[in-house]
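Q: This is final16.txt, which holds compact mmCIF, C-alpha atoms:
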```
# COMPACT_ATOMS: atom_id res chain seq x y z
CA MET O 1 0.00 0.00 0.00
CA SER O 2 1.12 3.55 -0.70
CA ILE O 3 1.63 6.11 2.07
CA LYS O 4 -1.48 7.85 0.70
CA GLU O 5 -3.54 4.67 1.22
CA ASN O 6 -2.02 4.13 4.67
CA LYS O 7 -3.00 7.68 5.71
CA ALA O 8 -6.51 7.15 4.32
CA LEU O 9 -6.78 3.97 6.44
CA VAL O 10 -5.79 5.91 9.56
CA ARG O 11 -8.39 8.61 8.77
CA ARG O 12 -11.02 5.88 8.35
CA VAL O 13 -10.18 4.30 11.72
CA VAL O 14 -10.40 7.66 13.52
CA GLU O 15 -13.87 8.09 11.93
CA PHE O 16 -14.83 4.61 13.19
CA TRP O 17 -13.74 5.62 16.72
CA ASN O 18 -15.77 8.81 16.54
CA GLN O 19 -18.79 6.82 15.29
CA ARG O 20 -18.21 4.17 18.03
CA ASN O 21 -18.15 1.61 15.21
CA MET O 22 -15.89 -0.84 17.00
CA ASP O 23 -16.72 -3.80 14.73
CA ALA O 24 -15.41 -1.81 11.76
CA PHE O 25 -12.29 -0.87 13.79
CA PHE O 26 -11.60 -4.46 14.86
CA TYR O 27 -12.01 -5.57 11.22
CA ILE O 28 -9.01 -3.33 10.31
CA LEU O 29 -6.77 -5.06 12.90
CA ALA O 30 -4.58 -8.02 11.92
CA PRO O 31 -4.84 -11.12 14.18
CA GLU O 32 -1.28 -10.49 15.44
CA TYR O 33 -2.08 -6.79 16.23
CA VAL O 34 -0.31 -5.43 19.33
CA GLU O 35 -0.67 -2.06 21.07
CA HIS O 36 2.57 -0.95 22.72
CA LEU O 37 1.44 1.32 25.55
CA PRO O 38 3.85 2.88 28.08
CA THR O 39 2.28 0.58 30.67
CA GLY O 40 2.85 -2.57 28.61
CA ASP O 41 1.72 -4.43 25.50
CA VAL O 42 -1.95 -5.10 24.80
CA SER O 43 -3.00 -7.97 22.51
CA LEU O 44 -6.04 -7.93 20.24
CA VAL O 45 -7.97 -10.15 22.69
CA HIS O 46 -7.29 -7.75 25.58
CA LEU O 47 -7.97 -4.70 23.44
CA LYS O 48 -11.47 -5.95 22.61
CA LYS O 49 -12.23 -5.93 26.34
CA TYR O 50 -10.37 -2.67 27.11
CA ALA O 51 -11.86 -0.70 24.17
CA SER O 52 -15.43 -0.77 25.48
CA SER O 53 -14.34 0.35 28.97
CA PHE O 54 -12.45 3.24 27.37
CA PHE O 55 -15.61 4.48 25.63
CA THR O 56 -17.56 4.02 28.89
CA ALA O 57 -14.99 6.23 30.65
CA PHE O 58 -15.12 8.88 27.89
CA PRO O 59 -18.53 8.39 26.21
CA ASP O 60 -18.51 11.75 24.36
CA ILE O 61 -14.89 11.58 23.15
CA ILE O 62 -14.14 13.26 19.83
CA ILE O 63 -10.76 12.51 18.26
CA THR O 64 -9.37 14.99 15.72
CA ILE O 65 -6.31 14.40 13.55
CA ASN O 66 -3.89 17.34 13.72
CA ASP O 67 -1.02 15.97 11.67
CA MET O 68 0.18 12.83 9.88
CA VAL O 69 3.65 11.83 8.69
CA ALA O 70 3.93 8.62 6.67
CA GLU O 71 6.82 6.61 5.27
CA GLY O 72 7.01 2.99 4.09
CA ASP O 73 4.63 0.90 6.19
CA LYS O 74 4.27 3.42 9.05
CA VAL O 75 2.12 6.44 9.83
CA ALA O 76 2.84 8.84 12.72
CA VAL O 77 -0.29 10.68 13.82
CA LEU O 78 -0.88 13.57 16.19
CA VAL O 79 -4.45 13.74 17.47
CA ASN O 80 -6.48 15.77 19.93
CA TRP O 81 -8.93 14.19 22.41
CA LYS O 82 -11.85 16.19 23.74
CA ALA O 83 -14.02 14.31 26.21
CA THR O 84 -15.74 14.20 29.57
CA HIS O 85 -14.53 11.69 32.18
CA LYS O 86 -17.69 9.77 33.08
CA GLY O 87 -16.41 6.32 34.04
CA GLU O 88 -13.41 4.64 35.68
CA TYR O 89 -10.18 4.98 33.69
CA MET O 90 -6.78 3.56 34.71
CA GLY O 91 -8.06 3.09 38.25
CA ILE O 92 -9.35 6.69 38.47
CA PRO O 93 -13.06 6.86 39.27
CA ALA O 94 -15.25 9.19 37.14
CA THR O 95 -14.48 12.84 37.89
CA GLY O 96 -16.91 14.53 35.44
CA LYS O 97 -13.96 16.62 34.28
CA LYS O 98 -13.48 17.83 30.71
CA ILE O 99 -10.25 16.77 29.07
CA ASP O 100 -8.54 18.36 26.07
CA ILE O 101 -5.21 16.69 25.33
CA THR O 102 -2.72 15.64 22.66
CA VAL O 103 -2.06 12.01 21.90
CA SER O 104 0.59 10.78 19.50
CA MET O 105 0.25 7.45 17.75
CA LEU O 106 2.51 5.44 15.47
CA ILE O 107 0.89 2.74 13.36
CA LYS O 108 2.47 -0.06 11.31
CA ILE O 109 0.32 -1.28 8.45
CA ALA O 110 0.62 -4.47 6.37
CA GLY O 111 -1.77 -5.73 3.70
CA GLY O 112 -4.39 -3.09 4.53
CA LYS O 113 -4.49 -4.01 8.24
CA TRP O 114 -3.03 -2.41 11.35
CA VAL O 115 -0.38 -4.75 12.78
CA GLU O 116 1.33 -2.62 15.44
CA PHE O 117 0.49 0.53 17.37
CA TRP O 118 2.52 2.74 19.72
CA ASN O 119 0.87 5.43 21.79
CA VAL O 120 1.99 8.36 23.95
CA THR O 121 -0.68 10.27 25.87
CA ASP O 122 0.31 13.69 27.12
CA VAL O 123 0.74 14.41 30.83
CA ARG O 124 -2.17 16.88 30.82
CA LEU O 125 -4.59 13.94 30.89
CA MET O 126 -3.51 13.13 34.45
CA GLN O 127 -3.45 16.85 35.33
CA GLN O 128 -6.93 17.45 33.97
CA LEU O 129 -8.22 14.42 35.89
CA GLY O 130 -6.69 15.92 39.04
CA VAL O 131 -4.28 13.01 39.67
CA ILE O 132 -1.16 15.17 39.49
CA PRO O 133 -0.62 18.91 40.05
CA LYS O 134 -0.78 21.29 37.06
CA LYS O 135 2.79 22.45 37.49
CA MET N 1 16.62 18.39 1.68
CA SER N 2 15.75 14.73 1.16
CA ILE N 3 13.99 12.69 3.85
CA LYS N 4 17.28 10.81 4.23
CA GLU N 5 19.09 14.07 5.05
CA ASN N 6 16.26 15.15 7.38
CA LYS N 7 16.51 11.86 9.32
CA ALA N 8 20.30 12.23 9.51
CA LEU N 9 19.83 15.73 10.99
CA ILE N 10 17.52 14.41 13.72
CA ARG N 11 19.94 11.55 14.51
CA ARG N 12 22.75 14.11 14.76
CA ILE N 13 20.75 16.33 17.16
CA TYR N 14 19.95 13.41 19.49
CA ASP N 15 23.56 12.28 19.35
CA LEU N 16 24.61 15.79 20.49
CA TRP N 17 21.95 15.80 23.25
CA ASN N 18 23.32 12.44 24.46
CA LYS N 19 26.84 13.95 24.54
CA LYS N 20 25.38 17.05 26.31
CA GLU N 21 26.85 19.27 23.59
CA LEU N 22 23.99 21.72 23.97
CA SER N 23 25.67 24.61 22.18
CA ALA N 24 26.20 22.39 19.12
CA VAL N 25 22.51 21.42 19.34
CA SER N 26 21.55 25.10 19.30
CA GLU N 27 23.15 25.47 15.83
CA LEU N 28 20.82 22.83 14.35
CA TYR N 29 17.76 23.06 16.56
CA THR N 30 16.19 26.51 16.09
CA PRO N 31 12.41 26.08 16.34
CA ARG N 32 10.37 29.28 16.22
CA MET N 33 7.80 27.38 18.20
CA VAL N 34 7.77 24.21 20.31
CA HIS N 35 4.32 22.66 20.84
CA THR N 36 4.78 20.44 23.89
CA ASN N 37 1.69 18.48 24.90
CA GLY N 38 -0.45 21.01 23.02
CA ARG N 39 1.13 24.00 24.76
CA GLU N 40 3.27 26.52 22.96
CA MET N 41 6.74 27.28 24.23
CA SER N 42 9.41 29.57 22.89
CA LEU N 43 12.85 28.14 22.16
CA GLU N 44 14.13 30.06 25.21
CA GLN N 45 11.57 28.38 27.48
CA GLU N 46 12.43 24.97 26.02
CA ASN N 47 16.15 25.58 26.54
CA GLN N 48 15.49 26.50 30.19
CA PHE N 49 13.49 23.28 30.59
CA ASN N 50 16.22 21.21 28.91
CA ASP N 51 18.91 22.78 31.16
CA MET N 52 16.87 21.83 34.23
CA PHE N 53 16.22 18.33 32.83
CA PHE N 54 19.91 17.66 32.15
CA ARG N 55 20.88 19.01 35.61
CA ALA N 56 18.27 16.76 37.24
CA PHE N 57 19.18 13.74 35.07
CA PRO N 58 22.87 14.30 34.22
CA ASP N 59 23.25 10.81 32.72
CA ALA N 60 20.09 11.09 30.56
CA ILE N 61 20.42 9.20 27.29
CA ALA N 62 17.88 9.12 24.48
CA THR N 63 17.46 6.09 22.25
CA ILE N 64 15.63 6.63 18.97
CA GLU N 65 13.26 3.66 18.62
CA ASP N 66 11.51 4.65 15.43
CA MET N 67 11.63 7.31 12.73
CA VAL N 68 9.13 8.18 10.01
CA ALA N 69 9.88 10.94 7.50
CA GLU N 70 7.80 12.59 4.80
CA GLY N 71 8.27 15.89 2.99
CA ASP N 72 9.77 18.41 5.41
CA LYS N 73 8.82 16.44 8.57
CA VAL N 74 10.39 13.71 10.68
CA ALA N 75 8.37 11.89 13.35
CA ILE N 76 10.25 9.98 16.04
CA ARG N 77 9.62 7.76 19.03
CA VAL N 78 12.32 8.01 21.69
CA THR N 79 13.08 6.34 25.02
CA TRP N 80 14.84 8.51 27.63
CA ARG N 81 16.68 6.82 30.48
CA GLY N 82 18.47 8.53 33.36
CA THR N 83 19.03 8.85 37.09
CA HIS N 84 17.33 11.52 39.19
CA ARG N 85 20.29 13.38 40.74
CA SER N 86 19.00 16.89 41.46
CA ASP N 87 15.83 18.95 41.83
CA PHE N 88 13.35 18.53 38.96
CA SER N 89 10.28 20.83 38.89
CA GLY N 90 10.31 20.94 42.69
CA ILE N 91 10.83 17.17 43.08
CA THR N 92 13.87 16.66 45.28
CA PRO N 93 16.43 14.11 44.02
CA THR N 94 15.38 10.51 44.61
CA GLY N 95 18.30 8.68 42.98
CA ASN N 96 15.64 6.71 41.09
CA LYS N 97 16.21 5.39 37.57
CA ILE N 98 13.68 6.73 35.12
CA GLU N 99 12.56 5.54 31.72
CA MET N 100 10.02 7.35 29.58
CA THR N 101 8.74 7.41 26.03
CA ASN N 102 8.49 10.67 24.11
CA THR N 103 7.37 11.35 20.57
CA ALA N 104 7.99 14.37 18.40
CA ILE N 105 7.30 15.64 14.92
CA PHE N 106 10.03 17.97 13.68
CA ARG N 107 9.61 20.34 10.72
CA ILE N 108 12.89 21.03 8.96
CA ALA N 109 13.91 23.90 6.69
CA ALA N 110 17.37 24.63 5.27
CA GLY N 111 19.07 22.02 7.42
CA LYS N 112 17.59 23.13 10.75
CA VAL N 113 14.63 22.16 12.90
CA VAL N 114 12.18 25.08 12.71
CA GLU N 115 9.16 23.63 14.53
CA ASN N 116 8.57 20.79 17.00
CA TRP N 117 5.41 19.07 18.22
CA ALA N 118 6.36 16.97 21.26
CA THR N 119 4.29 14.58 23.34
CA THR N 120 5.71 13.38 26.62
CA GLU N 121 4.51 10.28 28.40
CA SER N 122 4.92 11.30 31.97
CA LEU N 123 2.64 9.03 33.96
CA ARG N 124 5.25 6.29 34.24
CA PHE N 125 7.97 8.95 34.62
CA LEU N 126 6.25 10.59 37.60
CA GLN N 127 5.47 7.17 39.09
CA GLN N 128 9.18 6.37 38.93
CA LEU N 129 9.84 9.60 40.87
CA GLY N 130 7.22 8.57 43.43
CA VAL N 131 4.92 11.55 42.67
CA ILE N 132 1.98 9.47 41.43
CA PRO N 133 0.88 6.21 43.07
CA LYS N 134 1.57 3.05 41.03
CA GLN N 135 -2.12 2.10 41.22
CA TYR N 136 -2.79 4.18 38.10
CA LYS N 137 -1.92 2.16 35.04
```
Written as structure tokens, that's how I'd like the structure from this file.

A:
Amino acid sequence: MSIKENKALVRRVVEFWNQRNMDAFFYILAPEYVEHLPTGDVSLVHLKKYASSFFTAFPDIIITINDMVAEGDKVAVLVNWKATHKGEYMGIPATGKKIDITVSMLIKIAGGKWVEFWNVTDVRLMQQLGVIPKK
Amino acid sequence: MSIKENKALIRRIYDLWNKKELSAVSELYTPRMVHTNGREMSLEQENQFNDMFFRAFPDAIATIEDMVAEGDKVAIRVTWRGTHRSDFSGITPTGNKIEMTNTAIFRIAAGKVVENWATTESLRFLQQLGVIPKQYK
């Protein structure tokens, strides 16, 4: 696939997230798909469980793509999350707080499917949820 | 510049950061604006932050894990490792080893970095400094 097609696939997945169309999202993931999060790797089986709790925690989340850089089989993406914290997330009970943060993602694509994903979520998430001081 | 040259420039800058040759970095890294975690910082503010970071973590070393380049931009994923030896943002030295993942998208013009969008993963970082309980994960 060309870098143009890979970017289009990323745009489509972000639309699926915003539409809460998780079946369509899971269809784009290869069986060997792994998410490399700072807290550890998440397999496809675990993701399927974790994904619904994420959208319960942030039911009104809107994800906007700010930038994309693509080369070979990879796409780096900078997105913005706007959401309200309405359910438990990472052990933090619902706070009702509004969040507005930057998240960077790196996606490896093969044969039209996502095979690997790396994610960095900015520190303001924990600040806006009141877990750490704003300084 | 080609994407190959742009990637070489970013490798060179990180190599200089690892050697703590900050004045050499300042020849190549001249962003008009640094967007860190969605906030805008001037180069002067970023330099002040970097000075504090390298004082607090004098052995800090960055490892470039991944690089993606297109047009005038280079995106990277980096792991920083270091030891907390002096005050960092009001956190007194703990002697703890830290490891954190950062990402950045650099825009390059005429052989220099002219803009930077950085995202820092600091949950694990602050947990390693004992500021946030480990229960959050």

Q: Identify which of the residues O:Ile3, O:Leu9, O:Leu47, O:Met22 lies closest to chain N, counting all atoms listed in the file when measuring atom-to-atom distances.

A: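 For chain N, the nearest of the candidates is O:Ile3.
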
Q: Using all atoms of segment 9-14 of chain N listed in the file and a margin of 6 Å per side, can you give the axis-aligned box centre and edge lengths in Å to one decimal, as AutoDock Vina command-line options?

A:
```
--center_x 20.1 --center_y 13.9 --center_z 15.2 --size_x 17.2 --size_y 16.8 --size_z 20.5
```

Q: If the cut-off is 12 Å, can you tell me the residues of chain N near chain O, counting only C-alpha atoms? I'd like them as an MDAnalysis selection string.

A: chainID N and resid 3:4 7 35:39 65:79 88:91 99:107 116:127 130:137

Q: As an exercise, work out the distance from atom CA of Ala60 of chain N to atom CA of Trp17 of chain N in Å and give it to one decimal place.

A: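 Atom CA of Trp17 of chain N lies 8.9 Å from atom CA of Ala60 of chain N.
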
Q: Of the residues N:Lys19, N:Arg11, N:Arg32, N:Arg85, which is the one nearest to Glu115 of chain N, using all atoms listed in the file?

A: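 Ranking N:Lys19, N:Arg11, N:Arg32, N:Arg85 by distance to Glu115 of chain N, first place goes to N:Arg32.
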
Q: Just the residues within 10 Å of Gly111 of chain O, please, counting all atoms listed in the file, with nothing from its chain fewer than 6 positions along; format it as a list of chain:residue names.

A: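 Residues near the query, excluding close chain neighbours: O:Met1, O:Asn6, O:Ala30, O:Asp73.
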
Q: Could you take the residues named above and write them with C-alpha atoms, as a PDB file, in the frame of the given file?

A:
```
ATOM      1  CA  MET O   1       0.000   0.000   0.000  1.00  0.00           C
ATOM      2  CA  ASN O   6      -2.020   4.130   4.670  1.00  0.00           C
ATOM      3  CA  ALA O  30      -4.580  -8.020  11.920  1.00  0.00           C
ATOM      4  CA  ASP O  73       4.630   0.900   6.190  1.00  0.00           C
TER       5      ASP O  73
END
```

Q: Would you mind reading off the distance between atom CA of Asp87 of chain N and atom CA of Gln48 of chain N, one decimal, in Å?

A: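 A separation of 13.9 Å between them.
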
Q: One number please: atom CA of Pro31 of chain O to atom CA of Lys4 of chain O, in Å, one decimal.

A: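 Interatomic distance here is 23.5 Å.
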
Q: Since fewer atoms than expected are present, regenerate N, CA and C atoms for segment 20-54 of chain O and write them as a PDB file, in the frame of the given file.

A:
```pdb
ATOM      1  N   ARG O  20     -18.099   5.314  17.100  1.00  0.00           N
ATOM      2  CA  ARG O  20     -18.210   4.170  18.030  1.00  0.00           C
ATOM      3  C   ARG O  20     -18.483   2.875  17.250  1.00  0.00           C
ATOM      4  N   ASN O  21     -17.955   2.788  16.040  1.00  0.00           N
ATOM      5  CA  ASN O  21     -18.150   1.610  15.210  1.00  0.00           C
ATOM      6  C   ASN O  21     -16.990   0.640  15.441  1.00  0.00           C
ATOM      7  N   MET O  22     -17.023  -0.028  16.600  1.00  0.00           N
ATOM      8  CA  MET O  22     -15.890  -0.840  17.000  1.00  0.00           C
ATOM      9  C   MET O  22     -15.734  -2.088  16.129  1.00  0.00           C
ATOM     10  N   ASP O  23     -16.828  -2.631  15.610  1.00  0.00           N
ATOM     11  CA  ASP O  23     -16.720  -3.800  14.730  1.00  0.00           C
ATOM     12  C   ASP O  23     -15.890  -3.448  13.489  1.00  0.00           C
ATOM     13  N   ALA O  24     -16.167  -2.248  12.948  1.00  0.00           N
ATOM     14  CA  ALA O  24     -15.410  -1.810  11.760  1.00  0.00           C
ATOM     15  C   ALA O  24     -13.943  -1.605  12.127  1.00  0.00           C
ATOM     16  N   PHE O  25     -13.676  -1.059  13.330  1.00  0.00           N
ATOM     17  CA  PHE O  25     -12.290  -0.870  13.790  1.00  0.00           C
ATOM     18  C   PHE O  25     -11.587  -2.218  13.942  1.00  0.00           C
ATOM     19  N   PHE O  26     -12.240  -3.156  14.631  1.00  0.00           N
ATOM     20  CA  PHE O  26     -11.600  -4.460  14.860  1.00  0.00           C
ATOM     21  C   PHE O  26     -11.335  -5.192  13.537  1.00  0.00           C
ATOM     22  N   TYR O  27     -12.185  -4.939  12.527  1.00  0.00           N
ATOM     23  CA  TYR O  27     -12.010  -5.570  11.220  1.00  0.00           C
ATOM     24  C   TYR O  27     -10.695  -5.130  10.560  1.00  0.00           C
ATOM     25  N   ILE O  28     -10.238  -3.884  10.896  1.00  0.00           N
ATOM     26  CA  ILE O  28      -9.010  -3.330  10.310  1.00  0.00           C
ATOM     27  C   ILE O  28      -7.752  -3.906  10.986  1.00  0.00           C
ATOM     28  N   LEU O  29      -7.924  -4.583  12.134  1.00  0.00           N
ATOM     29  CA  LEU O  29      -6.770  -5.060  12.900  1.00  0.00           C
ATOM     30  C   LEU O  29      -6.378  -6.476  12.492  1.00  0.00           C
ATOM     31  N   ALA O  30      -5.078  -6.681  12.247  1.00  0.00           N
ATOM     32  CA  ALA O  30      -4.580  -8.020  11.920  1.00  0.00           C
ATOM     33  C   ALA O  30      -4.651  -8.894  13.182  1.00  0.00           C
ATOM     34  N   PRO O  31      -4.751 -10.231  13.004  1.00  0.00           N
ATOM     35  CA  PRO O  31      -4.840 -11.120  14.180  1.00  0.00           C
ATOM     36  C   PRO O  31      -3.655 -10.950  15.144  1.00  0.00           C
ATOM     37  N   GLU O  32      -2.476 -10.615  14.584  1.00  0.00           N
ATOM     38  CA  GLU O  32      -1.280 -10.490  15.440  1.00  0.00           C
ATOM     39  C   GLU O  32      -1.126  -9.063  15.993  1.00  0.00           C
ATOM     40  N   TYR O  33      -2.143  -8.206  15.821  1.00  0.00           N
ATOM     41  CA  TYR O  33      -2.080  -6.790  16.230  1.00  0.00           C
ATOM     42  C   TYR O  33      -1.679  -6.640  17.703  1.00  0.00           C
ATOM     43  N   VAL O  34      -0.743  -5.724  17.958  1.00  0.00           N
ATOM     44  CA  VAL O  34      -0.310  -5.430  19.330  1.00  0.00           C
ATOM     45  C   VAL O  34      -0.282  -3.922  19.534  1.00  0.00           C
ATOM     46  N   GLU O  35      -0.808  -3.464  20.665  1.00  0.00           N
ATOM     47  CA  GLU O  35      -0.670  -2.060  21.070  1.00  0.00           C
ATOM     48  C   GLU O  35       0.449  -1.979  22.094  1.00  0.00           C
ATOM     49  N   HIS O  36       1.468  -1.159  21.781  1.00  0.00           N
ATOM     50  CA  HIS O  36       2.570  -0.950  22.720  1.00  0.00           C
ATOM     51  C   HIS O  36       2.270   0.323  23.492  1.00  0.00           C
ATOM     52  N   LEU O  37       1.752   0.173  24.704  1.00  0.00           N
ATOM     53  CA  LEU O  37       1.440   1.320  25.550  1.00  0.00           C
ATOM     54  C   LEU O  37       2.575   1.476  26.562  1.00  0.00           C
ATOM     55  N   PRO O  38       2.769   2.696  27.097  1.00  0.00           N
ATOM     56  CA  PRO O  38       3.850   2.880  28.080  1.00  0.00           C
ATOM     57  C   PRO O  38       3.721   1.914  29.261  1.00  0.00           C
ATOM     58  N   THR O  39       2.515   1.469  29.537  1.00  0.00           N
ATOM     59  CA  THR O  39       2.280   0.580  30.670  1.00  0.00           C
ATOM     60  C   THR O  39       2.406  -0.895  30.292  1.00  0.00           C
ATOM     61  N   GLY O  40       2.676  -1.179  29.022  1.00  0.00           N
ATOM     62  CA  GLY O  40       2.850  -2.570  28.610  1.00  0.00           C
ATOM     63  C   GLY O  40       2.107  -2.858  27.315  1.00  0.00           C
ATOM     64  N   ASP O  41       2.339  -4.064  26.771  1.00  0.00           N
ATOM     65  CA  ASP O  41       1.720  -4.430  25.500  1.00  0.00           C
ATOM     66  C   ASP O  41       0.295  -4.953  25.712  1.00  0.00           C
ATOM     67  N   VAL O  42      -0.560  -4.637  24.755  1.00  0.00           N
ATOM     68  CA  VAL O  42      -1.950  -5.100  24.800  1.00  0.00           C
ATOM     69  C   VAL O  42      -2.218  -5.885  23.520  1.00  0.00           C
ATOM     70  N   SER O  43      -2.691  -7.136  23.681  1.00  0.00           N
ATOM     71  CA  SER O  43      -3.000  -7.970  22.510  1.00  0.00           C
ATOM     72  C   SER O  43      -4.397  -7.639  22.012  1.00  0.00           C
ATOM     73  N   LEU O  44      -4.726  -8.172  20.841  1.00  0.00           N
ATOM     74  CA  LEU O  44      -6.040  -7.930  20.240  1.00  0.00           C
ATOM     75  C   LEU O  44      -7.162  -8.419  21.174  1.00  0.00           C
ATOM     76  N   VAL O  45      -6.956  -9.588  21.785  1.00  0.00           N
ATOM     77  CA  VAL O  45      -7.970 -10.150  22.690  1.00  0.00           C
ATOM     78  C   VAL O  45      -8.228  -9.197  23.859  1.00  0.00           C
ATOM     79  N   HIS O  46      -7.141  -8.684  24.456  1.00  0.00           N
ATOM     80  CA  HIS O  46      -7.290  -7.750  25.580  1.00  0.00           C
ATOM     81  C   HIS O  46      -7.887  -6.428  25.124  1.00  0.00           C
ATOM     82  N   LEU O  47      -7.471  -5.978  23.948  1.00  0.00           N
ATOM     83  CA  LEU O  47      -7.970  -4.700  23.440  1.00  0.00           C
ATOM     84  C   LEU O  47      -9.492  -4.728  23.304  1.00  0.00           C
ATOM     85  N   LYS O  48     -10.020  -5.854  22.831  1.00  0.00           N
ATOM     86  CA  LYS O  48     -11.470  -5.950  22.610  1.00  0.00           C
ATOM     87  C   LYS O  48     -12.230  -5.724  23.919  1.00  0.00           C
ATOM     88  N   LYS O  49     -11.625  -6.145  25.026  1.00  0.00           N
ATOM     89  CA  LYS O  49     -12.230  -5.930  26.340  1.00  0.00           C
ATOM     90  C   LYS O  49     -12.031  -4.471  26.784  1.00  0.00           C
ATOM     91  N   TYR O  50     -10.807  -3.997  26.637  1.00  0.00           N
ATOM     92  CA  TYR O  50     -10.370  -2.670  27.110  1.00  0.00           C
ATOM     93  C   TYR O  50     -11.066  -1.540  26.334  1.00  0.00           C
ATOM     94  N   ALA O  51     -11.294  -1.758  25.024  1.00  0.00           N
ATOM     95  CA  ALA O  51     -11.860  -0.700  24.170  1.00  0.00           C
ATOM     96  C   ALA O  51     -13.221  -0.243  24.659  1.00  0.00           C
ATOM     97  N   SER O  52     -14.091  -1.188  25.062  1.00  0.00           N
ATOM     98  CA  SER O  52     -15.430  -0.770  25.480  1.00  0.00           C
ATOM     99  C   SER O  52     -15.368  -0.002  26.795  1.00  0.00           C
ATOM    100  N   SER O  53     -14.445  -0.384  27.701  1.00  0.00           N
ATOM    101  CA  SER O  53     -14.340   0.350  28.970  1.00  0.00           C
ATOM    102  C   SER O  53     -13.790   1.764  28.735  1.00  0.00           C
ATOM    103  N   PHE O  54     -12.954   1.908  27.704  1.00  0.00           N
ATOM    104  CA  PHE O  54     -12.450   3.240  27.370  1.00  0.00           C
ATOM    105  C   PHE O  54     -13.593   4.158  26.950  1.00  0.00           C
TER     106      PHE O  54
END
```
